[in-house]
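S.K.: Following this message is one structure expressed as C-alpha cells.
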Amino acid sequence: MTLWHLRPAQVGDLDCLHALAEQTGAGFTNLPSDKSALQARLDWNMRSFGREEETPENELYILVLEEAGSGTVGGCGMIFSRIGVRWPFYSYKVSRLSQRSEELGRTVPLDVLHLVNDFNGVSEVGGLFLSPDLRSLGLGGLLARSRYLFMGMNRRRFAEKVIAELRGHIEPDGRSPFWDGLGRKFFGMSFQDADEFNSQHGNQFIADLMPKYPVYTALLPQEAQAAIGRPHDNGVPAMRMLEKEGFSFTGYVDIFDAGPTMVADTERLRTVQQMQVLPVAEIVETIPEDRRGFAAAGTLGDFRAWRTGALVGEQGLTLTAEEASLMKINAGDTITYVAS
Ligand SMILES: CC(C)(COP(=O)(O)OP(=O)(O)OC[C@H]1O[C@@H](n2cnc3c(N)ncnc32)[C@H](O)[C@@H]1OP(=O)(O)O)[C@@H](O)C(=O)NCCC(=O)NCCSC(=O)CCC(=O)O
C-alpha cells in the first residue's frame with residue numbers, strides 16, 4: 001500500500017522543495033526557485049513550528065506531501081498565520097459607483113479600484129503545488145484540506161479570517177494585461193520583474209509608487225478590465241476547492257495581476273466546522289469498503305494528515321493495521337477526522 005501524507009517541512013527538504021519549485025513556472029512567488037530564498041523560507045518554517053506562543057505573529061507553516069515508505073516528495077501547501085506584519089498587505093478593492101444626471105436622464109455605473117490594506121492581520125493559505133504526474137488523483141484535495149485540519153487543530157495560532165490569492169490571468173506569451181494597463185505606467189518595470197522584486201524585497205515599493213487616488217476601470221484598456229478578478233487558467237482547480245471549502249470572492253484583487261482574492265471566516269471553513277476528534281476504537285486487517293475521509297494526528301512538529309479508509313462507528317474509528325502502522329497510530333489514540 002502506498003500512502004501519501006502531509007508533514008511539516010524539515011531542514012533537509014531544501015532539495016526536494018527546490019525540485020518542486022523548478023516545475024512551477026512563472027508567477028508562483030510562494031515557492032521561489034532561487035535556493036537561498038527557499039532556504040530563508042525553510043528557516044522561517046522551522047522557527048514557526050518551534051514557536052511555543054500560540055498567538056499569530058508572522059509564522060509560515062509549510063506542509064510537504066510525502067509518500068510513506070519511499071519518502072518521495074510530490075507537493076506542498078503553506079499557511080501564513082498573519083499577513084501584513086513586516087510590510088502592509090495591499091489589495092485593490094473593486095467598488096461600484098453609480099452617478100445619475102437628471103438632465104440627461106442617465107445613470108452611469110462605474111467600477112473603481114481602491115488601494116486598501118483591509119487584509120492586514122488575517123491568515124493566508126497559499127503555495128499549493130502538486131507534481132503534474134500526481135494530479136487528478138484526489139491528492140490536491142488532501143494537500144488543500146490538510147492545511148484546514150492543521151488550522152482547526154491549532155486554532156489559536158491563526159486569525160479570524162483567512163484569504164487565498166489566486167494567480168491572475170496571463171496571456172500565452174506571459175504578459176499580464178492588467179499590469180500592462182496600469183502598474184507598468186507607475187513602475188516602468190515588466191510584470192515578472194515587479195513580481196520578483198516583491199517576493200524578494202517586500203512591497204514597500206508599491207506604497208511608494210502605486211497611484212494613491214482611486215482608479216476608474218473604464219479608463220483602463222479593455223483587456224486589462226477583462227482581467228480583473230479572472231483567475232489564471234491553471235488556477236481553476238484551486239479555485240473550485242476554495243469555493244467548496246467556503247471561500248468566496250468579495251471584490252478584492254491582487255494589485256499586480258488582478259487575480260481574485262478569496263476570503264473566508266476561519267471558524268466557518270467546511271473542514272474546521274465538520275472535523276471531529278475521535279478515538280481509534282479498533283485496528284483490523286482489512287476494511288471491506290473504502291470509506292473516504294481525511295485524518296490528522298500529532299500536534300506541531302509531528303503533525304501528519306492523510307486520506308483514510310477509516311470506518312466511523314459509535315465507539316470511534318476503525319483503521320486498517322497497515323494505515324495505522326504507516327501513520328504510527330495505536331488503538332486508543334485520538335485522531336482528527338473529517339469526511340471527504
Ligand atoms: C491546485 C492543485 C494542487 C490541485 O490538484 P489536482 O489538479 O490534482 O486537483 P483535483 O483533485 O484534480 O481537482 C480539484 C477540484 O477542481 C476540479 N477541477 C479540476 N480541473 C478543473 C477544471 N478545468 N475546471 C473546473 N474544475 C476543475 C476538480 O473536479 C476537483 O473538484 P471536486 O473535488 O469537486 O471533484 C494542482 O492543480 C496544481 O498543483 N496546480 C498548479 C499550481 C497551482 O495553480 N496552484 C494553486 C495556486 S493558488 C494558491 O496556492 C492559493 C490557493 C490555495 O492555497 O488553496
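Simple scheme: letters A, B, ... for chains in C-alpha cells order, numbers from 1 for residues in each chain, numbers from 1 for ligands in the order shown.
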How would you report the residues lying within 7 Å of ligand 1, as a ChimeraX atom specification, if you count only C-alpha atoms and all ligand atoms?
M.R.: /A:24,77-78,125-132,134-141,143-144,164-167,234-242
S.K.: Could you turn the residues from that selection into a file that holds C-alpha atoms, as a PDB file, in the first residue's frame?
M.R.:
ATOM      1  CA  THR A  24       6.001  25.680 -11.066  1.00  0.00           C
ATOM      2  CA  GLY A  77       0.980  23.654   0.768  1.00  0.00           C
ATOM      3  CA  MET A  78       1.532  26.651   3.048  1.00  0.00           C
ATOM      4  CA  VAL A 125      -3.234  29.840   2.677  1.00  0.00           C
ATOM      5  CA  GLY A 126      -1.135  29.526  -0.459  1.00  0.00           C
ATOM      6  CA  GLY A 127       1.768  27.793  -2.147  1.00  0.00           C
ATOM      7  CA  LEU A 128      -0.424  24.869  -3.141  1.00  0.00           C
ATOM      8  CA  PHE A 129       1.522  22.771  -5.630  1.00  0.00           C
ATOM      9  CA  LEU A 130       1.295  19.165  -6.770  1.00  0.00           C
ATOM     10  CA  SER A 131       3.688  17.466  -9.215  1.00  0.00           C
ATOM     11  CA  PRO A 132       1.946  17.260 -12.603  1.00  0.00           C
ATOM     12  CA  LEU A 134       0.203  13.234  -9.367  1.00  0.00           C
ATOM     13  CA  ARG A 135      -2.712  15.448 -10.408  1.00  0.00           C
ATOM     14  CA  SER A 136      -6.361  14.402 -10.740  1.00  0.00           C
ATOM     15  CA  LEU A 137      -5.932  11.564  -8.219  1.00  0.00           C
ATOM     16  CA  GLY A 138      -7.578  13.399  -5.327  1.00  0.00           C
ATOM     17  CA  LEU A 139      -4.237  14.386  -3.778  1.00  0.00           C
ATOM     18  CA  GLY A 140      -4.985  18.080  -4.475  1.00  0.00           C
ATOM     19  CA  GLY A 141      -7.872  17.825  -2.017  1.00  0.00           C
ATOM     20  CA  LEU A 143      -2.987  18.920   0.124  1.00  0.00           C
ATOM     21  CA  ALA A 144      -5.503  21.730   0.474  1.00  0.00           C
ATOM     22  CA  ALA A 164      -6.137  32.822  -0.572  1.00  0.00           C
ATOM     23  CA  GLU A 165      -4.784  34.671  -3.582  1.00  0.00           C
ATOM     24  CA  LEU A 166      -5.212  33.067  -6.965  1.00  0.00           C
ATOM     25  CA  ARG A 167      -2.844  33.884  -9.787  1.00  0.00           C
ATOM     26  CA  ASN A 234      -4.260  26.699 -14.203  1.00  0.00           C
ATOM     27  CA  GLY A 235      -5.838  28.125 -11.040  1.00  0.00           C
ATOM     28  CA  VAL A 236      -9.337  26.798 -11.783  1.00  0.00           C
ATOM     29  CA  PRO A 237      -8.958  23.548  -9.732  1.00  0.00           C
ATOM     30  CA  ALA A 238      -7.551  25.562  -6.792  1.00  0.00           C
ATOM     31  CA  MET A 239     -10.470  27.997  -7.029  1.00  0.00           C
ATOM     32  CA  ARG A 240     -13.061  25.167  -7.104  1.00  0.00           C
ATOM     33  CA  MET A 241     -11.511  23.665  -3.976  1.00  0.00           C
ATOM     34  CA  LEU A 242     -11.531  27.045  -2.201  1.00  0.00           C
TER      35      LEU A 242
END
S.K.: Tell me which protein, DNA and RNA residues are within 7 Å of Ser48 in chain A, counting only C-alpha atoms, leaving out same-chain ones fewer than 6 positions away, and put them as an NGL selection string.
M.R.: :A and (59-61)
S.K.: Could you write out that same residue set with N, CA and C atoms as a PDB file, in the first residue's frame?
M.R.:
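Produced file part-v8.pdb, reproduced below:
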ATOM      1  N   GLU A  59       3.974  33.806  11.263  1.00  0.00           N
ATOM      2  CA  GLU A  59       4.552  32.479  11.031  1.00  0.00           C
ATOM      3  C   GLU A  59       4.277  31.994   9.618  1.00  0.00           C
ATOM      4  N   LEU A  60       5.165  31.100   9.167  1.00  0.00           N
ATOM      5  CA  LEU A  60       4.942  30.385   7.907  1.00  0.00           C
ATOM      6  C   LEU A  60       5.033  28.896   8.221  1.00  0.00           C
ATOM      7  N   TYR A  61       3.950  28.171   7.948  1.00  0.00           N
ATOM      8  CA  TYR A  61       3.942  26.729   8.134  1.00  0.00           C
ATOM      9  C   TYR A  61       3.924  26.084   6.746  1.00  0.00           C
TER      10      TYR A  61
END
S.K.: Residues of range 82-262 of chain A in helix (DSSP H, G or I) according to DSSP, as a count of residues only?
M.R.: 69
S.K.: Compile the contact shell of Lys161 in chain A as a ChimeraX atom specification: residues with an atom at most 6 Å away, counting only C-alpha atoms, same-chain residues fewer than 4 positions apart removed.
M.R.: /A:122,264-266
S.K.: Of the residues A:Tyr92, A:Trp179, A:Phe191, A:Phe80, which is the one nearest to Leu220 in chain A, using only C-alpha atoms?
M.R.: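 Closest residue, counting only C-alpha atoms: A:Trp179.
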S.K.: If I take CA of Arg96 in chain A and CA of His114 in chain A, how far is one from the other in Å, to one decimal?
M.R.: 10.7 Å
S.K.: Hey, which of A:Cys76, A:Ile335, A:Ile287, A:Ile228 ends up closest to Leu63 in chain A? Count only C-alpha atoms.
M.R.: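 Residue with the minimum atom-to-atom distance to Leu63 in chain A: A:Cys76.
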S.K.: Using only C-alpha atoms, which residue out of A:Arg47, A:His232, A:Arg307, A:Lys35 lies closest to Ala9 in chain A?
M.R.: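 Checking each of A:Arg47, A:His232, A:Arg307, A:Lys35 against Ala9 in chain A, counting only C-alpha atoms, the winner is A:Arg47.
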S.K.: One decimal, Å: what's the distance from CA of Ala339 in chain A over to CA of Ile79 in chain A, could you say?
M.R.: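 It comes out at 21.8 Å.
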S.K.: Enumerate the residues of range 78-277 of chain A with a DSSP assignment of strand (DSSP E or B), computed from the backbone, and present them as a PyMOL selection string.
M.R.: chain A and resi 78-80+91-101+106-116+123-130+161-165+168+215-216+231+248-253+260-265+276-277
S.K.: Neighbours of Glu282 in chain A within 10 Å (only C-alpha atoms; same-chain residues fewer than 3 positions away dropped), as JSON, numbers by chain?
M.R.: {"A": [279, 310, 311, 313, 315, 316, 317, 318, 319, 320, 321, 330, 331, 332]}
S.K.: Can I get the selected residues back with N, CA and C atoms, as a tab-separated table (two decimals), in the first residue's frame?
M.R.:
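Result saved to again_16.tsv:
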chain	number	residue	atom	x	y	z
A	279	PRO	N	-11.65	8.71	19.04
A	279	PRO	CA	-10.68	7.69	19.44
A	279	PRO	C	-10.57	6.60	18.36
A	310	ALA	N	-10.84	4.88	7.00
A	310	ALA	CA	-11.45	4.54	8.30
A	310	ALA	C	-12.96	4.40	8.24
A	311	LEU	N	-13.45	3.47	9.06
A	311	LEU	CA	-14.89	3.34	9.30
A	311	LEU	C	-15.21	4.15	10.56
A	313	GLY	N	-17.66	4.52	13.64
A	313	GLY	CA	-18.71	3.83	14.38
A	313	GLY	C	-19.01	4.55	15.69
A	315	GLN	N	-18.22	3.71	18.68
A	315	GLN	CA	-17.09	3.71	19.62
A	315	GLN	C	-15.92	4.55	19.12
A	316	GLY	N	-15.96	4.93	17.88
A	316	GLY	CA	-14.84	5.68	17.31
A	316	GLY	C	-14.50	5.15	15.93
A	317	LEU	N	-13.20	5.23	15.58
A	317	LEU	CA	-12.77	4.86	14.23
A	317	LEU	C	-12.19	3.45	14.19
A	318	THR	N	-12.42	2.80	13.06
A	318	THR	CA	-11.73	1.53	12.80
A	318	THR	C	-10.75	1.78	11.66
A	319	LEU	N	-9.48	1.44	11.89
A	319	LEU	CA	-8.43	1.65	10.89
A	319	LEU	C	-7.82	0.32	10.49
A	320	THR	N	-7.25	0.26	9.30
A	320	THR	CA	-6.52	-0.96	8.97
A	320	THR	C	-5.15	-0.91	9.65
A	321	ALA	N	-4.62	-2.10	9.88
A	321	ALA	CA	-3.32	-2.20	10.55
A	321	ALA	C	-2.24	-1.50	9.72
A	330	ASN	N	-1.89	4.02	17.34
A	330	ASN	CA	-2.23	2.84	18.14
A	330	ASN	C	-3.70	2.89	18.55
A	331	ALA	N	-4.27	1.73	18.83
A	331	ALA	CA	-5.65	1.70	19.33
A	331	ALA	C	-5.69	2.54	20.61
A	332	GLY	N	-6.75	3.33	20.75
A	332	GLY	CA	-6.88	4.18	21.94
A	332	GLY	C	-6.41	5.62	21.68
S.K.: Just give me the gap between CA of Arg268 in chain A and CA of Asn58 in chain A in Å, one decimal is fine.
M.R.: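 Calculated distance between CA of Arg268 in chain A and CA of Asn58 in chain A is 22.2 Å.
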S.K.: For Lys328 in chain A, which of A:Ala68, A:Met153, A:Pro172, A:Trp87 is the closest residue, counting only C-alpha atoms?
M.R.: A:Ala68
S.K.: Return the single residue from A:Tyr337, A:Phe247, A:Tyr90, A:Phe28 that is closest to Arg292 in chain A, with distances computed using only C-alpha atoms.
M.R.: A:Tyr337
